[in-house]
Every structure is written in C-alpha cells, then in structure tokens.
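Here is the structure we will look at, set down as structure tokens.
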Amino acid sequence: PNVFNPSLIKSLSTALKEVEDADHPKALIIRGIGKFFSNGLDLQFMTSSEPSATNEMIESVWKLLARLLVLDCRTVAAINGHAFGAGLFLALACDFRIMRTQRGYLNFPELNLGMRLGKGFAELSKSKITSSHVLREGVLTGKRYDSTAALQSGLVDEECSIETLPEHAEALAMEGLPEELGAKFFDATSFQQMKMELYTDAYRTLISAQVESLPESRL
C-alpha cells in the first residue's frame, strides 16, 4: 500500500530528480494508486532490520521531503486515499493538497504505534500546520481526518470526488505556472529560495537531523 522503504524511496528520488532537471514551465502532481495515497513507513522493513538500517531509511525519507519542500515549481498532492504517517508528511511537503471525498483519512499514527514523530517530521508538521489546535489534535489524539474535516482544519486546500481528482489537481498545478500567475520576471532559483525562507526550520532539520537526536535537542 505505497509504503516507504528503500525501494520506494529510490524510485521517488529518481522521479523527483527528473522534475528537478526539467525545464520551466513545469509543475509536479503526486498521486497514489488504489485506496492509499501512502500508508507511511514500511513497518515490516523496520521490524525486520537493524536499527541502523531503519534510521538510515528514515533519514533518507527526510532528505527526499526536503527536496520536495523547496522544489522550484508548484507541487500538488492529489490525495486519492489514506495518507498515514510518512504519507501525510509527503502531502504536507507539497505546496497544495487536494483530497478525494467519501474514502480516505489523514492521520498521525505515531500515538497508536508508540513512536516519536522524529525531528524531521515534527518540524515539517509545524511549518505546514499553522493552527496549534489542529497540530495538537492531530498528533496528540491520533484523530483521523476525512476530506471534510481535513478541509475545515486547513490540512488540505480542496476536496473533490475521486472521478474529478486528476482534473482538479491538474488545474491547481497549472494555476501555479508563472504565466498564469502573471509573474513576468519569474526566476526559478529565487522561487526555490523563497520556499527555503518560508520553511527554514523544517528544511534545515530535514537535510541535517539524525533519528537518534534527542527530542529536546536543537540543530
């Protein structure tokens, strides 16, 4: 169900590199397959691997999210189903989020799993979820948000039927092209740097933090 393990991370990294290298104008839409956008970290891999391998995998997820967070074009998460844990963080790393109605939840599963968030995921959440109430509710109660609740809480920007999700996601992505924005002097490097300035704490943490860092530690 679209879980993060070394194989998926490698595939996503390769795909992201293609977008990074592509000429402008461009935009990126991320969508899952089936009933999952992503079910988060691969718990089977984590429980069957040495702690060092698990930590290395999580840190590779953080670095991937850092690249997505500051990509030099508009990014849209088309949430076609459940987005749990790292799946939710993947969506949060995008500029905009649109979620299908009727099926699928957004969820921080760490409470239920008896896990920490980890510094990278925590800072990304704080940078993208501006409501302290929603952040507290999502992380400390493990609430599951359907599309309506996610929209009301600000976790997503739009909701639509699964049938119209591709169309709505493409429209949202196209709206971010420089020509559509009337950005006559658009500069991709400056656009990327603006994202770094907006999300400095999250970006710095994602690219440099270690899983074993103490929860109270600062970079």
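We label chains A, B, ... in the order they appear in the structure tokens, count residues from 1 in each chain, and number ligands from 1 in the order shown.
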
Tell me, counting only C-alpha atoms, for each residue of stretch 134-208 of chain A within 12 Å of stretch 21-41 of chain A, which pair of atoms is nearest and how far apart they are in Å to one decimal, in rows ordered by chain and increasing number, as JSON lines.
{"residue": "A:Ile162", "atom": "CA", "partner": "A:Lys35", "partner_atom": "CA", "distance": 10.4}
{"residue": "A:Leu165", "atom": "CA", "partner": "A:Arg31", "partner_atom": "CA", "distance": 9.5}
{"residue": "A:Pro166", "atom": "CA", "partner": "A:Arg31", "partner_atom": "CA", "distance": 8.7}
{"residue": "A:Glu167", "atom": "CA", "partner": "A:Ile29", "partner_atom": "CA", "distance": 11.1}
{"residue": "A:His168", "atom": "CA", "partner": "A:Ile29", "partner_atom": "CA", "distance": 10.8}
{"residue": "A:Ala169", "atom": "CA", "partner": "A:Ile29", "partner_atom": "CA", "distance": 7.0}
{"residue": "A:Glu170", "atom": "CA", "partner": "A:Ile29", "partner_atom": "CA", "distance": 7.4}
{"residue": "A:Ala171", "atom": "CA", "partner": "A:Ile29", "partner_atom": "CA", "distance": 10.5}
{"residue": "A:Leu172", "atom": "CA", "partner": "A:Ile29", "partner_atom": "CA", "distance": 9.3}
{"residue": "A:Ala173", "atom": "CA", "partner": "A:Ala27", "partner_atom": "CA", "distance": 5.9}
{"residue": "A:Met174", "atom": "CA", "partner": "A:Ala27", "partner_atom": "CA", "distance": 7.2}
{"residue": "A:Glu175", "atom": "CA", "partner": "A:Ala27", "partner_atom": "CA", "distance": 9.6}
{"residue": "A:Gly176", "atom": "CA", "partner": "A:Ala27", "partner_atom": "CA", "distance": 7.6}
{"residue": "A:Leu177", "atom": "CA", "partner": "A:Pro25", "partner_atom": "CA", "distance": 6.3}
{"residue": "A:Pro178", "atom": "CA", "partner": "A:Pro25", "partner_atom": "CA", "distance": 7.2}
{"residue": "A:Glu179", "atom": "CA", "partner": "A:Pro25", "partner_atom": "CA", "distance": 8.5}
{"residue": "A:Glu180", "atom": "CA", "partner": "A:Pro25", "partner_atom": "CA", "distance": 10.5}
{"residue": "A:Leu181", "atom": "CA", "partner": "A:Pro25", "partner_atom": "CA", "distance": 11.8}
{"residue": "A:Ala183", "atom": "CA", "partner": "A:Pro25", "partner_atom": "CA", "distance": 11.7}
{"residue": "A:Phe186", "atom": "CA", "partner": "A:Pro25", "partner_atom": "CA", "distance": 10.0}
{"residue": "A:Asp187", "atom": "CA", "partner": "A:His24", "partner_atom": "CA", "distance": 9.8}
{"residue": "A:Ala188", "atom": "CA", "partner": "A:His24", "partner_atom": "CA", "distance": 8.1}
{"residue": "A:Thr189", "atom": "CA", "partner": "A:His24", "partner_atom": "CA", "distance": 11.4}

Name all residues at most 12 Å from A:Met99 (count only C-alpha atoms; drop same-chain ones fewer than 6 positions away) and give them as a PyMOL selection string. chain A and resi 30-32+36-37+76-83+88+91+105-106+145-151+154-166+168-169

Would you kindly return, as an mmCIF file with all heavy atoms, in the first residue's frame, each protein, DNA or RNA residue with an atom no farther than 12 Å from any atom of A:Gln193, considering only C-alpha atoms and excluding same-chain residues fewer than 4 positions away?
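Full text of result.cif as output:
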data_model
loop_
_atom_site.group_PDB
_atom_site.id
_atom_site.type_symbol
_atom_site.label_atom_id
_atom_site.label_comp_id
_atom_site.auth_asym_id
_atom_site.auth_seq_id
_atom_site.Cartn_x
_atom_site.Cartn_y
_atom_site.Cartn_z
ATOM 1 N N ARG A 67 13.875 17.981 -0.424
ATOM 2 C CA ARG A 67 13.943 18.344 -1.841
ATOM 3 C C ARG A 67 12.567 18.727 -2.379
ATOM 4 O O ARG A 67 12.436 19.697 -3.138
ATOM 5 C CB ARG A 67 14.517 17.177 -2.648
ATOM 6 C CG ARG A 67 15.989 16.906 -2.363
ATOM 7 C CD ARG A 67 16.399 15.531 -2.889
ATOM 8 N NE ARG A 67 16.158 15.374 -4.321
ATOM 9 C CZ ARG A 67 16.142 14.197 -4.941
ATOM 10 N NH1 ARG A 67 16.335 13.084 -4.241
ATOM 11 N NH2 ARG A 67 15.930 14.136 -6.239
ATOM 12 N N LEU A 69 10.036 19.824 -0.583
ATOM 13 C CA LEU A 69 9.584 21.022 0.125
ATOM 14 C C LEU A 69 10.016 22.294 -0.584
ATOM 15 O O LEU A 69 9.260 23.276 -0.615
ATOM 16 C CB LEU A 69 10.126 21.001 1.554
ATOM 17 C CG LEU A 69 9.747 22.159 2.478
ATOM 18 C CD1 LEU A 69 8.243 22.149 2.775
ATOM 19 C CD2 LEU A 69 10.548 22.071 3.779
ATOM 20 N N VAL A 70 11.207 22.282 -1.160
ATOM 21 C CA VAL A 70 11.741 23.507 -1.780
ATOM 22 C C VAL A 70 11.912 23.352 -3.294
ATOM 23 O O VAL A 70 12.720 24.060 -3.908
ATOM 24 C CB VAL A 70 13.078 23.927 -1.128
ATOM 25 C CG1 VAL A 70 12.885 24.205 0.354
ATOM 26 C CG2 VAL A 70 14.169 22.880 -1.335
ATOM 27 N N LEU A 71 11.167 22.471 -3.902
ATOM 28 C CA LEU A 71 11.246 22.306 -5.352
ATOM 29 C C LEU A 71 10.925 23.635 -6.038
ATOM 30 O O LEU A 71 10.067 24.392 -5.587
ATOM 31 C CB LEU A 71 10.269 21.224 -5.808
ATOM 32 C CG LEU A 71 10.418 20.727 -7.235
ATOM 33 C CD1 LEU A 71 11.761 20.056 -7.458
ATOM 34 C CD2 LEU A 71 9.288 19.747 -7.581
ATOM 35 N N ASP A 72 11.589 23.907 -7.151
ATOM 36 C CA ASP A 72 11.496 25.227 -7.779
ATOM 37 C C ASP A 72 10.283 25.399 -8.692
ATOM 38 O O ASP A 72 10.306 26.191 -9.644
ATOM 39 C CB ASP A 72 12.779 25.534 -8.555
ATOM 40 C CG ASP A 72 12.993 24.604 -9.736
ATOM 41 O OD1 ASP A 72 12.258 23.594 -9.863
ATOM 42 O OD2 ASP A 72 13.915 24.877 -10.545
ATOM 43 N N CYS A 73 9.208 24.685 -8.396
ATOM 44 C CA CYS A 73 7.956 24.849 -9.125
ATOM 45 C C CYS A 73 6.813 24.480 -8.187
ATOM 46 O O CYS A 73 7.042 24.012 -7.074
ATOM 47 C CB CYS A 73 7.924 23.973 -10.381
ATOM 48 S SG CYS A 73 7.986 22.196 -10.029
ATOM 49 N N ASP A 187 11.786 33.792 -11.549
ATOM 50 C CA ASP A 187 13.117 33.194 -11.506
ATOM 51 C C ASP A 187 13.046 31.945 -10.634
ATOM 52 O O ASP A 187 12.683 32.018 -9.463
ATOM 53 C CB ASP A 187 14.129 34.186 -10.921
ATOM 54 C CG ASP A 187 15.524 33.602 -10.844
ATOM 55 O OD1 ASP A 187 16.219 33.571 -11.873
ATOM 56 O OD2 ASP A 187 15.906 33.161 -9.744
ATOM 57 N N ALA A 188 13.381 30.809 -11.208
ATOM 58 C CA ALA A 188 13.227 29.539 -10.513
ATOM 59 C C ALA A 188 14.086 29.458 -9.258
ATOM 60 O O ALA A 188 13.653 28.941 -8.226
ATOM 61 C CB ALA A 188 13.566 28.382 -11.456
ATOM 62 N N THR A 189 15.301 29.976 -9.334
ATOM 63 C CA THR A 189 16.182 29.944 -8.166
ATOM 64 C C THR A 189 15.619 30.783 -7.032
ATOM 65 O O THR A 189 15.607 30.358 -5.873
ATOM 66 C CB THR A 189 17.586 30.438 -8.536
ATOM 67 O OG1 THR A 189 18.136 29.589 -9.552
ATOM 68 C CG2 THR A 189 18.495 30.426 -7.318
ATOM 69 N N GLU A 197 13.198 30.143 2.693
ATOM 70 C CA GLU A 197 12.987 31.195 3.690
ATOM 71 C C GLU A 197 11.695 30.975 4.469
ATOM 72 O O GLU A 197 11.641 31.227 5.676
ATOM 73 C CB GLU A 197 12.978 32.560 3.003
ATOM 74 C CG GLU A 197 14.348 32.957 2.459
ATOM 75 C CD GLU A 197 14.304 34.141 1.513
ATOM 76 O OE1 GLU A 197 13.219 34.432 0.960
ATOM 77 O OE2 GLU A 197 15.352 34.771 1.317
ATOM 78 N N LEU A 198 10.649 30.511 3.792
ATOM 79 C CA LEU A 198 9.378 30.254 4.463
ATOM 80 C C LEU A 198 9.469 29.076 5.427
ATOM 81 O O LEU A 198 8.863 29.098 6.502
ATOM 82 C CB LEU A 198 8.285 29.963 3.423
ATOM 83 C CG LEU A 198 7.726 31.139 2.633
ATOM 84 C CD1 LEU A 198 6.719 30.638 1.595
ATOM 85 C CD2 LEU A 198 7.056 32.158 3.550
ATOM 86 N N TYR A 199 10.207 28.063 5.037
ATOM 87 C CA TYR A 199 10.238 26.801 5.786
ATOM 88 C C TYR A 199 11.637 26.475 6.296
ATOM 89 O O TYR A 199 12.062 25.325 6.290
ATOM 90 C CB TYR A 199 9.726 25.660 4.897
ATOM 91 C CG TYR A 199 8.437 25.972 4.177
ATOM 92 C CD1 TYR A 199 8.357 25.862 2.787
ATOM 93 C CD2 TYR A 199 7.306 26.390 4.876
ATOM 94 C CE1 TYR A 199 7.169 26.152 2.117
ATOM 95 C CE2 TYR A 199 6.118 26.688 4.219
ATOM 96 C CZ TYR A 199 6.067 26.568 2.834
ATOM 97 O OH TYR A 199 4.893 26.852 2.172
ATOM 98 N N THR A 200 12.358 27.494 6.751
ATOM 99 C CA THR A 200 13.765 27.328 7.120
ATOM 100 C C THR A 200 13.982 26.225 8.142
ATOM 101 O O THR A 200 14.843 25.355 7.964
ATOM 102 C CB THR A 200 14.331 28.647 7.672
ATOM 103 O OG1 THR A 200 14.191 29.668 6.684
ATOM 104 C CG2 THR A 200 15.799 28.493 8.021
ATOM 105 N N TYR A 203 13.277 22.788 6.644
ATOM 106 C CA TYR A 203 14.264 22.418 5.624
ATOM 107 C C TYR A 203 15.594 22.045 6.257
ATOM 108 O O TYR A 203 16.185 21.000 5.930
ATOM 109 C CB TYR A 203 14.439 23.573 4.640
ATOM 110 C CG TYR A 203 15.448 23.291 3.555
ATOM 111 C CD1 TYR A 203 15.196 22.321 2.588
ATOM 112 C CD2 TYR A 203 16.652 23.976 3.500
ATOM 113 C CE1 TYR A 203 16.116 22.057 1.587
ATOM 114 C CE2 TYR A 203 17.580 23.717 2.512
ATOM 115 C CZ TYR A 203 17.313 22.752 1.555
ATOM 116 O OH TYR A 203 18.231 22.475 0.580
#

Pick from A:Ser217, A:Thr54, A:Thr75, A:Gln192, whichever lies nearest to A:Thr205 using only C-alpha atoms: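 Of all the options, A:Ser217 lies closest to A:Thr205.
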
What's the 12 Å shell around A:Leu43, counting only C-alpha atoms, without same-chain residues fewer than 2 positions away, as a PyMOL selection string? chain A and resi 1-5+39-41+45-49+54+57-58+85-86+109-110+113+115

Create the file for the chosen residues now, containing N, CA, C and O atoms and written as a short mmCIF file (atom, residue, chain, number, x, y, z; two decimals), in the first residue's frame.
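Once written, selection_1.cif looks like this:
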data_model
loop_
_atom_site.label_atom_id
_atom_site.label_comp_id
_atom_site.auth_asym_id
_atom_site.auth_seq_id
_atom_site.Cartn_x
_atom_site.Cartn_y
_atom_site.Cartn_z
N PRO A 1 0.82 -1.22 0.00
CA PRO A 1 0.00 0.00 0.00
C PRO A 1 0.85 1.26 0.00
O PRO A 1 0.70 2.13 0.85
N ASN A 2 1.78 1.36 -0.95
CA ASN A 2 2.59 2.58 -1.10
C ASN A 2 3.32 2.95 0.19
O ASN A 2 3.18 4.07 0.70
N VAL A 3 4.10 2.02 0.73
CA VAL A 3 4.83 2.29 1.97
C VAL A 3 6.26 2.68 1.67
O VAL A 3 6.86 2.26 0.68
N PHE A 4 6.83 3.48 2.56
CA PHE A 4 8.19 3.97 2.38
C PHE A 4 9.21 2.93 2.85
O PHE A 4 9.30 2.63 4.04
N ASN A 5 9.94 2.40 1.90
CA ASN A 5 11.06 1.51 2.18
C ASN A 5 12.17 1.91 1.20
O ASN A 5 11.97 2.78 0.34
N ASN A 39 0.68 4.64 2.90
CA ASN A 39 0.41 4.13 4.24
C ASN A 39 1.59 4.36 5.19
O ASN A 39 1.68 3.74 6.24
N GLY A 40 2.51 5.24 4.78
CA GLY A 40 3.58 5.62 5.69
C GLY A 40 4.82 4.75 5.59
O GLY A 40 5.09 4.11 4.57
N LEU A 41 5.58 4.73 6.68
CA LEU A 41 6.81 3.94 6.72
C LEU A 41 6.49 2.44 6.66
O LEU A 41 5.46 1.99 7.17
N PHE A 45 9.58 -3.69 7.14
CA PHE A 45 11.01 -3.47 6.93
C PHE A 45 11.68 -3.04 8.23
O PHE A 45 12.76 -3.51 8.58
N MET A 46 11.04 -2.14 8.95
CA MET A 46 11.63 -1.58 10.18
C MET A 46 11.80 -2.64 11.26
O MET A 46 12.81 -2.67 11.96
N THR A 47 10.80 -3.52 11.41
CA THR A 47 10.87 -4.53 12.46
C THR A 47 11.80 -5.69 12.12
O THR A 47 12.22 -6.43 13.00
N SER A 48 12.13 -5.83 10.84
CA SER A 48 13.00 -6.94 10.42
C SER A 48 14.43 -6.49 10.13
O SER A 48 15.25 -7.29 9.71
N SER A 49 14.70 -5.19 10.34
CA SER A 49 16.01 -4.64 10.02
C SER A 49 16.74 -4.20 11.28
O SER A 49 16.13 -4.00 12.34
N THR A 54 17.14 1.03 9.79
CA THR A 54 15.88 1.76 9.94
C THR A 54 16.13 3.25 10.02
O THR A 54 15.45 4.05 9.37
N MET A 57 17.04 4.66 6.68
CA MET A 57 15.88 4.77 5.80
C MET A 57 15.07 6.02 6.14
O MET A 57 14.66 6.78 5.26
N ILE A 58 14.80 6.24 7.42
CA ILE A 58 14.00 7.40 7.83
C ILE A 58 14.71 8.70 7.45
O ILE A 58 14.08 9.63 6.94
N GLY A 85 0.96 8.81 8.46
CA GLY A 85 2.37 8.95 8.81
C GLY A 85 3.18 9.62 7.71
O GLY A 85 2.90 10.75 7.30
N ALA A 86 4.19 8.93 7.23
CA ALA A 86 5.06 9.50 6.20
C ALA A 86 4.28 9.84 4.93
O ALA A 86 4.69 10.72 4.17
N PRO A 109 -0.13 8.47 12.92
CA PRO A 109 -0.31 7.19 13.61
C PRO A 109 0.67 6.95 14.75
O PRO A 109 0.62 5.91 15.40
N GLU A 110 1.56 7.91 15.00
CA GLU A 110 2.64 7.67 15.96
C GLU A 110 2.11 7.37 17.36
O GLU A 110 2.67 6.53 18.08
N LEU A 113 1.07 3.84 17.46
CA LEU A 113 2.20 2.92 17.28
C LEU A 113 3.22 3.00 18.40
O LEU A 113 4.16 2.21 18.43
N MET A 115 5.32 5.54 18.91
CA MET A 115 6.55 6.07 18.31
C MET A 115 6.64 7.57 18.52
O MET A 115 5.63 8.23 18.72
#

Could you pull the residues within 12 Å of A:Val134, counting only C-alpha atoms, minus those fewer than 5 positions along the same chain, as an NGL selection string? :A and (107-108 or 125-126 or 128-129 or 139-145 or 149-155)

Those residues with N, CA, C and O atoms, as a compact mmCIF listing (two decimals), in the first residue's frame please?
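The new file part.txt reads:
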# COMPACT_ATOMS: atom_id res chain seq x y z
N ASN A 107 -3.84 10.95 8.84
CA ASN A 107 -3.65 10.52 10.22
C ASN A 107 -2.17 10.54 10.61
O ASN A 107 -1.31 10.15 9.83
N PHE A 108 -1.93 11.03 11.84
CA PHE A 108 -0.63 10.87 12.51
C PHE A 108 -0.72 9.58 13.34
O PHE A 108 -1.34 9.58 14.41
N SER A 125 5.78 19.29 10.10
CA SER A 125 4.39 19.47 10.54
C SER A 125 4.17 20.87 11.07
O SER A 125 3.17 21.53 10.73
N LYS A 126 5.10 21.36 11.87
CA LYS A 126 4.95 22.70 12.44
C LYS A 126 5.01 23.78 11.37
O LYS A 126 4.37 24.83 11.49
N LYS A 128 3.94 23.52 8.26
CA LYS A 128 2.81 23.48 7.33
C LYS A 128 1.45 23.53 8.02
O LYS A 128 0.45 23.86 7.38
N ILE A 129 1.39 23.18 9.29
CA ILE A 129 0.11 23.22 10.02
C ILE A 129 0.18 24.41 10.97
O ILE A 129 0.78 24.35 12.03
N VAL A 139 -1.64 15.24 16.36
CA VAL A 139 -0.50 14.48 16.88
C VAL A 139 -0.82 13.81 18.20
O VAL A 139 -0.50 12.63 18.40
N LEU A 140 -1.44 14.53 19.12
CA LEU A 140 -1.61 14.03 20.48
C LEU A 140 -2.88 13.22 20.71
O LEU A 140 -3.01 12.57 21.75
N THR A 141 -3.81 13.23 19.75
CA THR A 141 -5.00 12.38 19.88
C THR A 141 -5.08 11.33 18.79
O THR A 141 -5.86 10.39 18.90
N GLY A 142 -4.26 11.47 17.73
CA GLY A 142 -4.29 10.50 16.64
C GLY A 142 -5.58 10.54 15.84
O GLY A 142 -5.98 9.54 15.23
N LYS A 143 -6.25 11.70 15.81
CA LYS A 143 -7.51 11.82 15.08
C LYS A 143 -7.33 11.48 13.61
O LYS A 143 -6.31 11.80 13.00
N ARG A 144 -8.36 10.84 13.05
CA ARG A 144 -8.38 10.56 11.63
C ARG A 144 -9.27 11.60 10.95
O ARG A 144 -10.43 11.76 11.32
N TYR A 145 -8.72 12.28 9.96
CA TYR A 145 -9.44 13.35 9.27
C TYR A 145 -9.94 12.86 7.92
O TYR A 145 -9.13 12.49 7.05
N ALA A 149 -13.27 17.09 7.20
CA ALA A 149 -12.57 17.54 8.40
C ALA A 149 -11.19 18.09 8.05
O ALA A 149 -10.73 19.08 8.65
N ALA A 150 -10.53 17.47 7.08
CA ALA A 150 -9.20 17.94 6.67
C ALA A 150 -9.29 19.33 6.05
O ALA A 150 -8.44 20.19 6.28
N LEU A 151 -10.34 19.57 5.26
CA LEU A 151 -10.54 20.89 4.65
C LEU A 151 -10.84 21.93 5.72
O LEU A 151 -10.27 23.03 5.71
N GLN A 152 -11.72 21.59 6.65
CA GLN A 152 -12.08 22.53 7.70
C GLN A 152 -10.90 22.87 8.60
O GLN A 152 -10.80 23.99 9.10
N SER A 153 -9.99 21.92 8.79
CA SER A 153 -8.84 22.13 9.66
C SER A 153 -7.67 22.79 8.95
O SER A 153 -6.69 23.17 9.59
N GLY A 154 -7.76 22.92 7.63
CA GLY A 154 -6.68 23.51 6.86
C GLY A 154 -5.59 22.55 6.45
O GLY A 154 -4.56 22.96 5.91
N LEU A 155 -5.80 21.25 6.67
CA LEU A 155 -4.80 20.26 6.26
C LEU A 155 -4.76 20.11 4.74
O LEU A 155 -3.73 19.75 4.17

I want to know what sits within 12 Å of A:Glu123, based on only C-alpha atoms, with residues of the same chain fewer than 4 positions away left out; could you give that as a PyMOL selection string? chain A and resi 62+65-66+69+89+92-93+117-119+127-130+135+199-207+209+215+218-219

Resulting file, chosen residues, N, CA and C atoms, as a JSON list (two decimals), in the first residue's frame:
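That gives us result-v5.json:
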[["chain", "number", "residue", "atom", "x", "y", "z"],
["A", 62, "TRP", "N", 13.53, 11.88, 5.06],
["A", 62, "TRP", "CA", 13.63, 13.30, 5.40],
["A", 62, "TRP", "C", 14.32, 14.09, 4.29],
["A", 65, "LEU", "N", 11.99, 14.52, 1.38],
["A", 65, "LEU", "CA", 10.97, 15.52, 1.66],
["A", 65, "LEU", "C", 11.55, 16.94, 1.61],
["A", 66, "ALA", "N", 12.81, 17.09, 2.01],
["A", 66, "ALA", "CA", 13.46, 18.40, 1.93],
["A", 66, "ALA", "C", 13.53, 18.87, 0.48],
["A", 69, "LEU", "N", 10.04, 19.82, -0.58],
["A", 69, "LEU", "CA", 9.58, 21.02, 0.12],
["A", 69, "LEU", "C", 10.02, 22.29, -0.58],
["A", 89, "PHE", "N", 3.09, 13.22, 5.65],
["A", 89, "PHE", "CA", 4.22, 14.15, 5.57],
["A", 89, "PHE", "C", 4.61, 14.42, 4.11],
["A", 92, "LEU", "N", 2.19, 16.98, 3.06],
["A", 92, "LEU", "CA", 2.48, 18.26, 3.69],
["A", 92, "LEU", "C", 3.68, 18.95, 3.04],
["A", 93, "ALA", "N", 4.60, 18.18, 2.51],
["A", 93, "ALA", "CA", 5.78, 18.77, 1.86],
["A", 93, "ALA", "C", 5.42, 19.45, 0.55],
["A", 117, "LEU", "N", 7.54, 11.32, 16.80],
["A", 117, "LEU", "CA", 7.45, 11.87, 15.46],
["A", 117, "LEU", "C", 8.80, 11.84, 14.76],
["A", 118, "GLY", "N", 9.84, 12.17, 15.50],
["A", 118, "GLY", "CA", 11.16, 12.38, 14.91],
["A", 118, "GLY", "C", 11.30, 13.84, 14.51],
["A", 119, "LYS", "N", 12.52, 14.37, 14.62],
["A", 119, "LYS", "CA", 12.74, 15.79, 14.43],
["A", 119, "LYS", "C", 12.31, 16.27, 13.04],
["A", 127, "SER", "N", 5.76, 23.53, 10.32],
["A", 127, "SER", "CA", 5.91, 24.55, 9.27],
["A", 127, "SER", "C", 4.68, 24.62, 8.37],
["A", 128, "LYS", "N", 3.94, 23.52, 8.26],
["A", 128, "LYS", "CA", 2.81, 23.48, 7.33],
["A", 128, "LYS", "C", 1.45, 23.53, 8.02],
["A", 129, "ILE", "N", 1.39, 23.18, 9.29],
["A", 129, "ILE", "CA", 0.11, 23.22, 10.02],
["A", 129, "ILE", "C", 0.18, 24.41, 10.97],
["A", 130, "THR", "N", -0.42, 25.50, 10.55],
["A", 130, "THR", "CA", -0.26, 26.76, 11.28],
["A", 130, "THR", "C", -1.16, 26.86, 12.50],
["A", 135, "LEU", "N", -2.63, 20.98, 15.12],
["A", 135, "LEU", "CA", -1.38, 20.25, 15.34],
["A", 135, "LEU", "C", -1.47, 19.41, 16.61],
["A", 199, "TYR", "N", 10.21, 28.06, 5.04],
["A", 199, "TYR", "CA", 10.24, 26.80, 5.79],
["A", 199, "TYR", "C", 11.64, 26.48, 6.30],
["A", 200, "THR", "N", 12.36, 27.49, 6.75],
["A", 200, "THR", "CA", 13.77, 27.33, 7.12],
["A", 200, "THR", "C", 13.98, 26.23, 8.14],
["A", 201, "ASP", "N", 13.24, 26.25, 9.24],
["A", 201, "ASP", "CA", 13.45, 25.27, 10.31],
["A", 201, "ASP", "C", 13.20, 23.85, 9.81],
["A", 202, "ALA", "N", 12.12, 23.68, 9.05],
["A", 202, "ALA", "CA", 11.81, 22.35, 8.52],
["A", 202, "ALA", "C", 12.88, 21.90, 7.54],
["A", 203, "TYR", "N", 13.28, 22.79, 6.64],
["A", 203, "TYR", "CA", 14.26, 22.42, 5.62],
["A", 203, "TYR", "C", 15.59, 22.04, 6.26],
["A", 204, "ARG", "N", 16.07, 22.87, 7.17],
["A", 204, "ARG", "CA", 17.36, 22.60, 7.81],
["A", 204, "ARG", "C", 17.32, 21.28, 8.59],
["A", 205, "THR", "N", 16.20, 21.03, 9.24],
["A", 205, "THR", "CA", 16.07, 19.79, 10.02],
["A", 205, "THR", "C", 16.02, 18.58, 9.11],
["A", 206, "LEU", "N", 15.24, 18.66, 8.05],
["A", 206, "LEU", "CA", 15.10, 17.52, 7.14],
["A", 206, "LEU", "C", 16.42, 17.14, 6.49],
["A", 207, "ILE", "N", 17.26, 18.12, 6.19],
["A", 207, "ILE", "CA", 18.51, 17.79, 5.49],
["A", 207, "ILE", "C", 19.64, 17.42, 6.44],
["A", 209, "ALA", "N", 19.13, 16.57, 10.29],
["A", 209, "ALA", "CA", 18.85, 15.91, 11.57],
["A", 209, "ALA", "C", 19.13, 14.41, 11.50],
["A", 215, "PRO", "N", 14.77, 14.27, 21.61],
["A", 215, "PRO", "CA", 13.58, 15.05, 21.24],
["A", 215, "PRO", "C", 13.66, 16.52, 21.62],
["A", 218, "ARG", "N", 18.20, 20.84, 19.78],
["A", 218, "ARG", "CA", 18.09, 21.83, 18.71],
["A", 218, "ARG", "C", 19.24, 21.62, 17.74],
["A", 219, "LEU", "N", 18.99, 21.97, 16.49],
["A", 219, "LEU", "CA", 20.06, 21.86, 15.50],
["A", 219, "LEU", "C", 21.07, 22.98, 15.70]]

As a VMD selection string, please: all residues of stretch 67-161 of chain A that backbone DSSP puts in strand (DSSP E). chain A and resid 74 to 79 82 to 84 96 to 100 106 to 107 144 to 145 158 to 160

Generate a file of the selected residues that holds C-alpha atoms, formatted as a PDB file, in the first residue's frame.
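Dumped to out16.pdb:
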ATOM      1  CA  ARG A  74       4.440  24.346  -7.779  1.00  0.00           C
ATOM      2  CA  THR A  75       3.793  20.952  -6.191  1.00  0.00           C
ATOM      3  CA  VAL A  76       0.362  19.416  -5.628  1.00  0.00           C
ATOM      4  CA  ALA A  77      -0.553  16.340  -3.595  1.00  0.00           C
ATOM      5  CA  ALA A  78      -3.585  14.628  -5.139  1.00  0.00           C
ATOM      6  CA  ILE A  79      -4.646  12.542  -2.156  1.00  0.00           C
ATOM      7  CA  HIS A  82      -5.443   7.106   3.056  1.00  0.00           C
ATOM      8  CA  ALA A  83      -2.380   9.198   3.909  1.00  0.00           C
ATOM      9  CA  PHE A  84      -0.897   7.940   7.175  1.00  0.00           C
ATOM     10  CA  PHE A  96      -1.001  22.433  -2.129  1.00  0.00           C
ATOM     11  CA  ARG A  97      -3.160  19.455  -1.218  1.00  0.00           C
ATOM     12  CA  ILE A  98      -6.415  18.235  -2.715  1.00  0.00           C
ATOM     13  CA  MET A  99      -8.218  15.211  -1.261  1.00  0.00           C
ATOM     14  CA  ARG A 100     -10.869  12.880  -2.579  1.00  0.00           C
ATOM     15  CA  LEU A 106      -5.253  11.728   7.021  1.00  0.00           C
ATOM     16  CA  ASN A 107      -3.648  10.519  10.224  1.00  0.00           C
ATOM     17  CA  ARG A 144      -8.379  10.561  11.626  1.00  0.00           C
ATOM     18  CA  TYR A 145      -9.436  13.348   9.267  1.00  0.00           C
ATOM     19  CA  GLU A 158      -9.704  21.397  -1.668  1.00  0.00           C
ATOM     20  CA  GLU A 159     -11.836  18.271  -1.729  1.00  0.00           C
ATOM     21  CA  CYS A 160     -13.461  16.628  -4.746  1.00  0.00           C
TER      22      CYS A 160
END

Interatomic distance between atom CA of A:Gln210 and atom CA of A:Glu56? 8.7 Å

Once DSSP has gone over the backbone, tell me which residues of stretch 24-187 of chain A are in helix (DSSP H, G or I), as a ChimeraX atom specification. /A:43-48,51-69,86-93,110-113,119-128,132-141,147-153,162-174,178-181

A:Asp42, A:Arg103, A:Lys195, A:Leu68: which is nearest A:Val19, counting only C-alpha atoms?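 Distance minimum relative to A:Val19 lands on A:Leu68.
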
Report the distance between atom CA of A:Ser190 and atom CA of A:Cys94 in Å, rounded to one decimal place. 17.6 Å
